Structure formats: structure tokens, C-alpha cells
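One file, target_21.cif, carrying mmCIF, C-alpha atoms:
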data_start
#
loop_
_atom_site.label_atom_id
_atom_site.label_comp_id
_atom_site.auth_asym_id
_atom_site.auth_seq_id
_atom_site.Cartn_x
_atom_site.Cartn_y
_atom_site.Cartn_z
CA MET A 120 11.06 -37.60 -15.68
CA ASN A 121 9.76 -34.57 -13.77
CA THR A 122 12.96 -32.71 -14.67
CA LEU A 123 12.53 -33.55 -18.35
CA MET A 124 8.90 -32.45 -18.30
CA LYS A 125 9.81 -29.19 -16.59
CA PHE A 126 12.54 -28.53 -19.18
CA ALA A 127 10.16 -29.28 -22.06
CA THR A 128 7.50 -27.02 -20.57
CA VAL A 129 9.91 -24.14 -20.05
CA SER A 130 11.31 -24.53 -23.59
CA ALA A 131 7.84 -24.55 -25.09
CA LEU A 132 6.85 -21.46 -23.15
CA ALA A 133 10.05 -19.73 -24.22
CA LEU A 134 9.28 -20.45 -27.87
CA MET A 135 5.68 -19.28 -27.49
CA VAL A 136 6.84 -16.01 -25.94
CA ALA A 137 9.80 -15.45 -28.26
CA ALA A 138 7.95 -15.99 -31.54
CA PRO A 139 5.37 -13.20 -31.10
CA ALA A 140 8.06 -10.87 -29.75
CA SER A 141 10.21 -11.43 -32.82
CA ALA A 142 7.27 -10.78 -35.13
CA GLN A 143 6.30 -7.73 -33.11
CA ASN A 144 9.86 -6.38 -33.36
CA ARG A 145 9.71 -6.63 -37.14
CA ILE A 146 6.29 -4.98 -37.40
CA THR A 147 7.06 -2.11 -35.02
CA GLY A 148 10.43 -1.46 -36.66
CA VAL A 149 12.54 -2.38 -33.63
CA GLU A 150 14.51 -4.96 -35.61
CA ALA A 151 15.15 -2.53 -38.47
CA LEU A 152 16.26 0.12 -35.97
CA ASN A 153 18.69 -2.32 -34.34
CA ASP A 154 20.20 -3.10 -37.74
CA GLN A 155 20.55 0.59 -38.49
CA ILE A 156 22.18 1.23 -35.10
CA ASP A 157 24.71 -1.53 -35.82
CA ASP A 158 25.51 -0.06 -39.25
CA ILE A 159 26.00 3.45 -37.89
CA THR A 160 28.11 2.19 -34.98
CA ASP A 161 30.36 0.24 -37.33
CA ASP A 162 30.83 3.29 -39.58
CA VAL A 163 31.64 5.55 -36.63
CA ASN A 164 34.12 3.09 -35.12
CA THR A 165 35.83 2.71 -38.50
CA GLU A 166 36.12 6.47 -38.93
CA ILE A 167 37.59 6.98 -35.47
CA ALA A 168 39.94 4.00 -35.79
CA ARG A 169 41.21 5.49 -39.06
CA GLY A 170 42.58 8.48 -37.17
CA GLU A 171 43.99 6.41 -34.30
CA ASP A 172 45.59 3.62 -36.35
CA ALA A 173 49.29 3.92 -35.57
CA ASP A 174 50.16 1.25 -38.16
CA ARG A 175 49.14 3.62 -40.97
CA PHE A 176 51.69 6.16 -39.79
CA GLY A 177 54.27 3.93 -38.10
CA PRO A 178 57.78 3.04 -39.33
CA ASN A 179 56.62 0.45 -41.85
CA GLY A 180 53.11 1.68 -42.57
CA VAL A 181 51.54 -1.68 -41.75
CA ALA A 182 51.82 -4.20 -38.93
CA GLN A 183 54.14 -7.17 -39.39
CA GLY A 184 52.55 -10.50 -40.26
CA TRP A 185 49.07 -11.18 -41.59
CA ARG A 186 46.05 -9.11 -40.63
CA GLY A 187 42.70 -8.82 -42.31
CA SER A 188 38.94 -8.57 -42.13
CA PHE A 189 36.09 -9.56 -44.41
CA ALA A 190 32.40 -8.71 -44.38
CA LEU A 191 29.42 -9.99 -46.37
CA SER A 192 25.83 -8.78 -46.38
CA ALA A 193 22.78 -10.00 -48.30
CA SER A 194 19.09 -9.12 -48.18
CA GLY A 195 15.95 -9.65 -50.21
CA THR A 196 12.26 -8.72 -50.22
CA SER A 197 9.21 -10.08 -51.98
CA GLY A 198 5.66 -8.86 -52.31
CA ASN A 199 4.84 -5.42 -53.69
CA THR A 200 8.48 -5.11 -54.73
CA ASP A 201 10.96 -7.90 -55.36
CA THR A 202 14.45 -6.79 -54.48
CA GLY A 203 17.76 -8.43 -53.75
CA GLU A 204 21.04 -6.92 -52.60
CA ILE A 205 24.43 -8.38 -51.81
CA SER A 206 27.60 -6.58 -50.77
CA GLY A 207 31.02 -7.65 -49.60
CA ALA A 208 34.27 -6.03 -48.55
CA GLY A 209 37.64 -7.09 -47.30
CA ARG A 210 41.04 -5.82 -46.27
CA LEU A 211 44.25 -7.81 -46.03
CA THR A 212 47.71 -6.63 -44.99
CA TYR A 213 50.98 -8.49 -44.82
CA GLY A 214 54.22 -7.11 -43.49
CA VAL A 215 57.47 -9.06 -43.57
CA GLY A 216 60.72 -7.27 -42.84
CA ASP A 217 61.16 -4.37 -45.24
CA TRP A 218 58.25 -5.46 -47.48
CA ASN A 219 54.61 -4.45 -47.01
CA HIS A 220 51.52 -5.53 -48.96
CA LEU A 221 48.02 -4.10 -48.67
CA ILE A 222 44.96 -5.45 -50.52
CA GLY A 223 41.40 -4.19 -50.33
CA PHE A 224 38.16 -4.73 -52.19
CA ALA A 225 34.47 -3.81 -52.05
CA THR A 226 31.59 -4.99 -54.20
CA GLU A 227 27.86 -4.22 -54.33
CA TYR A 228 25.10 -5.70 -56.46
CA GLY A 229 21.35 -5.20 -56.40
CA GLU A 230 18.21 -5.95 -58.39
CA SER A 231 14.70 -4.56 -58.22
CA ASN A 232 11.86 -6.45 -59.92
CA GLY A 233 14.36 -8.35 -62.04
CA ILE A 234 16.17 -5.18 -63.19
CA LYS A 235 19.71 -4.39 -62.12
CA SER A 236 19.75 -1.42 -59.77
CA GLU A 237 23.35 -1.47 -58.56
CA GLU A 238 26.63 -3.03 -59.68
CA LYS A 239 29.92 -1.73 -58.33
CA PHE A 240 33.35 -3.17 -57.75
CA PHE A 241 36.48 -1.54 -56.34
CA ALA A 242 39.86 -3.09 -55.63
CA THR A 243 43.29 -1.78 -54.67
CA TYR A 244 46.75 -3.14 -54.08
CA GLU A 245 49.77 -1.33 -52.68
CA GLY A 246 53.20 -2.79 -52.09
CA SER A 247 56.27 -1.06 -50.66
CA ARG A 248 59.91 -1.89 -50.04
CA TYR A 249 61.87 0.08 -47.42
CA PHE A 250 65.54 0.72 -48.10
CA THR A 251 66.06 2.88 -45.00
CA PRO A 252 63.71 3.92 -42.19
CA SER A 253 62.82 6.96 -44.35
CA LEU A 254 63.26 5.97 -48.01
CA TYR A 255 61.09 3.39 -49.76
CA ALA A 256 59.68 2.45 -53.16
CA PHE A 257 56.01 1.72 -53.80
CA GLY A 258 53.77 0.21 -56.43
CA VAL A 259 50.02 0.72 -56.56
CA ALA A 260 47.16 -0.71 -58.62
CA ARG A 261 43.50 0.28 -58.48
CA TYR A 262 40.42 -0.83 -60.39
CA GLN A 263 36.95 0.72 -60.18
CA TYR A 264 33.86 -0.40 -62.08
CA ASP A 265 30.36 1.08 -61.97
CA GLY A 266 27.90 -0.94 -64.01
CA TYR A 267 24.82 1.03 -63.06
CA LEU A 268 25.00 4.80 -63.42
CA THR A 269 22.37 7.37 -62.51
CA ASP A 270 21.79 10.91 -63.64
CA GLY A 271 21.12 13.90 -61.38
CA ALA A 272 17.52 12.76 -60.86
CA GLY A 273 18.57 9.25 -59.84
CA VAL A 274 17.36 7.67 -63.09
CA GLY A 275 19.40 4.74 -64.40
CA ILE A 276 21.61 5.28 -67.45
CA ASP A 277 22.52 2.53 -69.91
CA GLY A 278 26.24 1.86 -69.89
CA SER A 279 29.08 1.53 -67.41
CA GLU A 280 32.30 3.23 -66.36
CA THR A 281 35.70 1.69 -65.72
CA ASP A 282 38.67 3.50 -64.17
CA ALA A 283 41.96 1.67 -63.61
CA PHE A 284 45.46 2.83 -62.71
CA LEU A 285 48.85 1.18 -62.32
CA GLY A 286 51.78 3.20 -60.99
CA PHE A 287 55.01 3.14 -59.03
CA GLY A 288 57.60 5.51 -57.60
CA PRO A 289 59.63 6.57 -54.59
CA GLY A 290 58.35 7.44 -51.14
CA TYR A 291 59.93 9.33 -48.30
CA ARG A 292 59.17 9.81 -44.62
CA VAL A 293 59.82 13.47 -43.96
CA LEU A 294 59.01 13.08 -40.27
CA ASN A 295 59.18 9.84 -38.31
CA LYS A 296 58.57 10.40 -34.59
CA ASP A 297 56.16 8.68 -32.26
CA ASN A 298 53.82 11.66 -32.15
CA HIS A 299 54.68 13.37 -35.44
CA THR A 300 54.89 11.55 -38.77
CA TRP A 301 54.61 12.59 -42.39
CA ARG A 302 55.28 10.56 -45.50
CA VAL A 303 54.90 11.46 -49.15
CA GLN A 304 55.06 9.39 -52.30
CA ALA A 305 54.59 10.09 -56.01
CA GLY A 306 55.28 8.53 -59.36
CA PRO A 307 54.14 7.93 -62.94
CA GLY A 308 51.72 5.32 -64.11
CA VAL A 309 49.27 4.16 -66.76
CA ARG A 310 45.58 4.99 -66.56
CA TYR A 311 42.72 3.30 -68.39
CA PHE A 312 39.28 4.91 -68.53
CA LYS A 313 36.07 3.88 -70.28
CA ASP A 314 33.03 6.17 -70.06
CA VAL A 315 29.31 5.50 -70.26
CA THR A 316 29.30 5.77 -74.08
CA GLY A 317 31.86 2.97 -74.40
CA SER A 318 34.70 5.26 -75.45
CA SER A 319 37.97 4.30 -73.80
CA GLU A 320 41.41 5.84 -73.40
CA THR A 321 44.74 4.55 -72.14
CA GLU A 322 47.29 7.18 -71.27
CA VAL A 323 50.19 8.09 -69.03
CA GLY A 324 49.20 9.54 -65.69
CA PHE A 325 50.58 10.16 -62.22
CA ILE A 326 49.73 9.61 -58.58
CA ALA A 327 50.80 11.56 -55.50
CA THR A 328 49.98 10.81 -51.87
CA SER A 329 50.57 12.48 -48.52
CA ARG A 330 49.91 11.02 -45.04
CA TYR A 331 50.33 13.37 -42.07
CA PHE A 332 49.83 12.69 -38.36
CA TYR A 333 50.44 14.85 -35.30
CA GLY A 334 49.64 13.83 -31.74
CA PHE A 335 49.25 16.84 -29.46
CA ASN A 336 49.05 14.50 -26.48
CA GLU A 337 47.57 11.12 -25.61
CA THR A 338 44.09 12.61 -25.98
CA VAL A 339 44.12 14.80 -29.11
CA SER A 340 45.61 14.09 -32.54
CA PHE A 341 45.35 15.50 -36.06
CA THR A 342 45.52 13.61 -39.36
CA MET A 343 45.40 14.71 -42.99
CA ASP A 344 45.31 12.37 -45.98
CA THR A 345 45.81 13.83 -49.47
CA ASP A 346 45.59 11.88 -52.74
CA ILE A 347 46.04 13.16 -56.31
CA LEU A 348 45.39 11.04 -59.39
CA GLY A 349 45.77 12.68 -62.77
CA SER A 350 46.02 12.23 -66.53
CA ASP A 351 44.79 14.03 -69.65
CA ILE A 352 41.28 12.76 -68.91
CA ASN A 353 41.05 14.65 -65.63
CA THR A 354 42.75 15.18 -62.29
CA VAL A 355 41.04 14.07 -59.08
CA ILE A 356 42.18 15.53 -55.75
CA SER A 357 40.98 14.25 -52.40
CA ASN A 358 41.89 15.76 -49.03
CA ASP A 359 40.61 14.43 -45.71
CA ALA A 360 41.59 16.33 -42.54
CA GLY A 361 40.40 15.37 -39.09
CA VAL A 362 40.89 15.98 -35.38
CA ASN A 363 40.53 13.03 -33.02
CA PHE A 364 39.64 13.32 -29.33
CA LYS A 365 39.96 10.35 -27.01
CA MET A 366 38.81 11.56 -23.63
CA SER A 367 38.65 8.04 -22.16
CA ASN A 368 38.34 4.42 -23.19
CA ASN A 369 34.58 4.95 -23.34
CA LEU A 370 34.43 8.33 -25.07
CA SER A 371 36.00 9.14 -28.44
CA THR A 372 35.09 11.59 -31.17
CA ARG A 373 36.43 12.71 -34.54
CA VAL A 374 35.66 15.85 -36.52
CA SER A 375 36.68 15.68 -40.17
CA TYR A 376 36.43 17.79 -43.31
CA ARG A 377 36.80 16.13 -46.71
CA THR A 378 37.16 17.86 -50.06
CA ASP A 379 36.95 16.06 -53.41
CA TYR A 380 37.85 18.02 -56.53
CA ASN A 381 37.52 16.94 -60.16
CA THR A 382 39.02 19.18 -62.85
CA ASP A 383 36.60 17.86 -65.50
CA PRO A 384 33.35 16.68 -63.91
CA ALA A 385 30.55 15.07 -65.89
CA ALA A 386 27.96 17.38 -67.43
CA GLY A 387 25.62 18.82 -64.83
CA LEU A 388 27.89 18.04 -61.88
CA LYS A 389 29.98 20.44 -59.78
CA SER A 390 33.75 20.12 -59.64
CA THR A 391 33.98 20.22 -55.83
CA ASP A 392 32.30 18.23 -53.08
CA ASN A 393 32.82 19.11 -49.42
CA THR A 394 31.82 16.87 -46.52
CA LEU A 395 31.86 17.79 -42.83
CA GLY A 396 31.76 14.75 -40.57
CA VAL A 397 31.39 14.31 -36.83
CA SER A 398 31.79 10.85 -35.27
CA LEU A 399 31.14 10.12 -31.60
CA VAL A 400 31.38 6.90 -29.60
CA LEU A 401 30.07 6.80 -26.04
CA GLY A 402 30.15 3.62 -23.99
CA PHE A 403 29.08 2.95 -20.44
#
In C-alpha cells, write the structure found in this file.
Amino acid sequence: MNTLMKFATVSALALMVAAPASAQNRITGVEALNDQIDDITDDVNTEIARGEDADRFGPNGVAQGWRGSFALSASGTSGNTDTGEISGAGRLTYGVGDWNHLIGFATEYGESNGIKSEEKFFATYEGSRYFTPSLYAFGVARYQYDGYLTDGAGVGIDGSETDAFLGFGPGYRVLNKDNHTWRVQAGPGVRYFKDVTGSSETEVGFIATSRYFYGFNETVSFTMDTDILGSDINTVISNDAGVNFKMSNNLSTRVSYRTDYNTDPAAGLKSTDNTLGVSLVLGF
């Protein structure tokens, strides 16, 4: 009986102490800061893992068997402003013998005071079949939808944009060593595009991709990803180069430079965007 009473007393005290602390954390912003720290940490770890992922550059491009990850986030507020947001993303890979399959998706939706403020969906699929350790064939499909567009001032625009592509072609591994790999692939395809005015076009296009990796040693490596998607509508070029440093299991960093180029940008927008990124992970 005494033991039960002691347990009940301790539990009650714990609840009395924890409740004000939780409320205090929300008011002072500690809880929001913790959430932001988690988000930034996840982004940094993803960026660094991108440069260290041997499966992206290895003999088959993806690990054998099933692998995947899914994430879902939802939030809402009420009071002066009623908002709701939900987002989800997932990645699934399957490698079996000479066949590889990669599927990915991301979706975001939000409302503010009953009015849609965000609606995006993006999905990709890539399959490949290796005939030799160097020669393979690939097929790729992508779909991108933006149901809430904004102008340069961030004001919502009525309408939506859809950009889809389906293509296939050959791929070849120019280099295929443990510390030095390079593969290229290119081929024709069909592209569908609908702009904010509702005008749509379906036309023949092409896709070209390059994946390069060089490991100077066990500590330093260099990667460069290049993607080109083109048709009569426009040609989009993306190049992401980065240097990865892994000084120890507790200290890793990546410095990257990304360039996105659009031959025919929307009115009022520049054709080139450049992004310099620095990611650092320190554990102790």
C-alpha cells in the first residue's frame, strides 16, 4: 500500500511539474526551436548522405532488394489566423539482379483562413536494365503539378501548372572503379506542359543525365550531378557539384554549388539561379 501511494504521489508530482514546463516551452519558443533544429539537421544529413551514397554510383546504381523511407507532417493553427498544412514524401528502391526500380514522391498542401495557399505534387519513376557491367537501358517518368502559383511579390495567381515527361534510352558507365565512377544516359521522350492560362502542349523532347563521383581518399570526395530536360517549350539544365569531407564519424561537411538554367523563363524571372550550400554535422 505504501509503495502504491509513493508511486501515485511521484506520478502526480511529475505531471504537475511537466505540464507547466511543456506550456513554458511553447510560450518561450523552446519547442519551436527544437522542431526547427530537427528540420535543419534532417536536411543537412540528407545533403551529406547524397554525396556519400555509394549505391547511387555503384555497379547497379541501387542496392539489391527493397529499401525505402516515408515521411508525413501535418500542422494547424486557430485564433487570429486559421491555417492547416500537410506534407508527405517517400522514396522506394528495388534491385533484383540486372533490374533496378526507383520511385519517389513529394506532396504539399496548405490552407489559410479557408483559402488554398499551397498545393504541389511531384513524382518520379526510373527503371533500368543492365546488359553488361557498363551498358544498360533506362526508362524514366516524371510528373510535377503546382496548383498554387505566386508572382514575384508572393501574391497568389489563379491557375495551375503541370509538367510531365516520359522517356527512355541507353546508358553507359564510362568509369566504374571503387573510387572513380561516371555514368551517362540520354534518350528521347514525350513532354506534356500546361501553363497557368490553361494552354497545353504535347511534344517530343529529350532527357540527358550525368552522374560523376571521385574519391580522393577515404576522407574527401567530389560529386557532380547534371540533368538536362528539353523540348520546344524550353530547356532546363541543372548542375549540382559538391565536395564532401568526412574527417571522422562525428564530423562531416559538404560544400556544394548548384546552377539551374531555364532557356525561356516566365516573364519577370531570370534564366539562371545559383545556390551555394554548406552543410556541417558535428556530433560529440
Open item on the list: Which residues, named as in the file, does the PyMOL selection byres ((chain A and resi 356) around 9) pick out? Answer as a PyMOL selection string.
Closed with: chain A and resi 345-349+354-355+357-358+378-382
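With all atoms listed in the file as the basis for measurement, A:Asn393 is the residue among A:Thr212, A:Thr372, A:Asn393, A:Ser340 that approaches Asp359 of chain A most closely.
We find atom CA of Arg377 of chain A and atom CA of Gln263 of chain A to be spaced 20.5 Å apart.
Distance check against Gly246 of chain A using all atoms listed in the file: of A:Phe335, A:Trp218, A:Phe364, A:Tyr262, the minimum falls on A:Trp218.
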Task: Output of the PyMOL selection byres ((chain A and resi 290) around 10), listed as a PyMOL selection string - done: chain A and resi 247-249+253-257+287-289+291-293+302-306+327-329
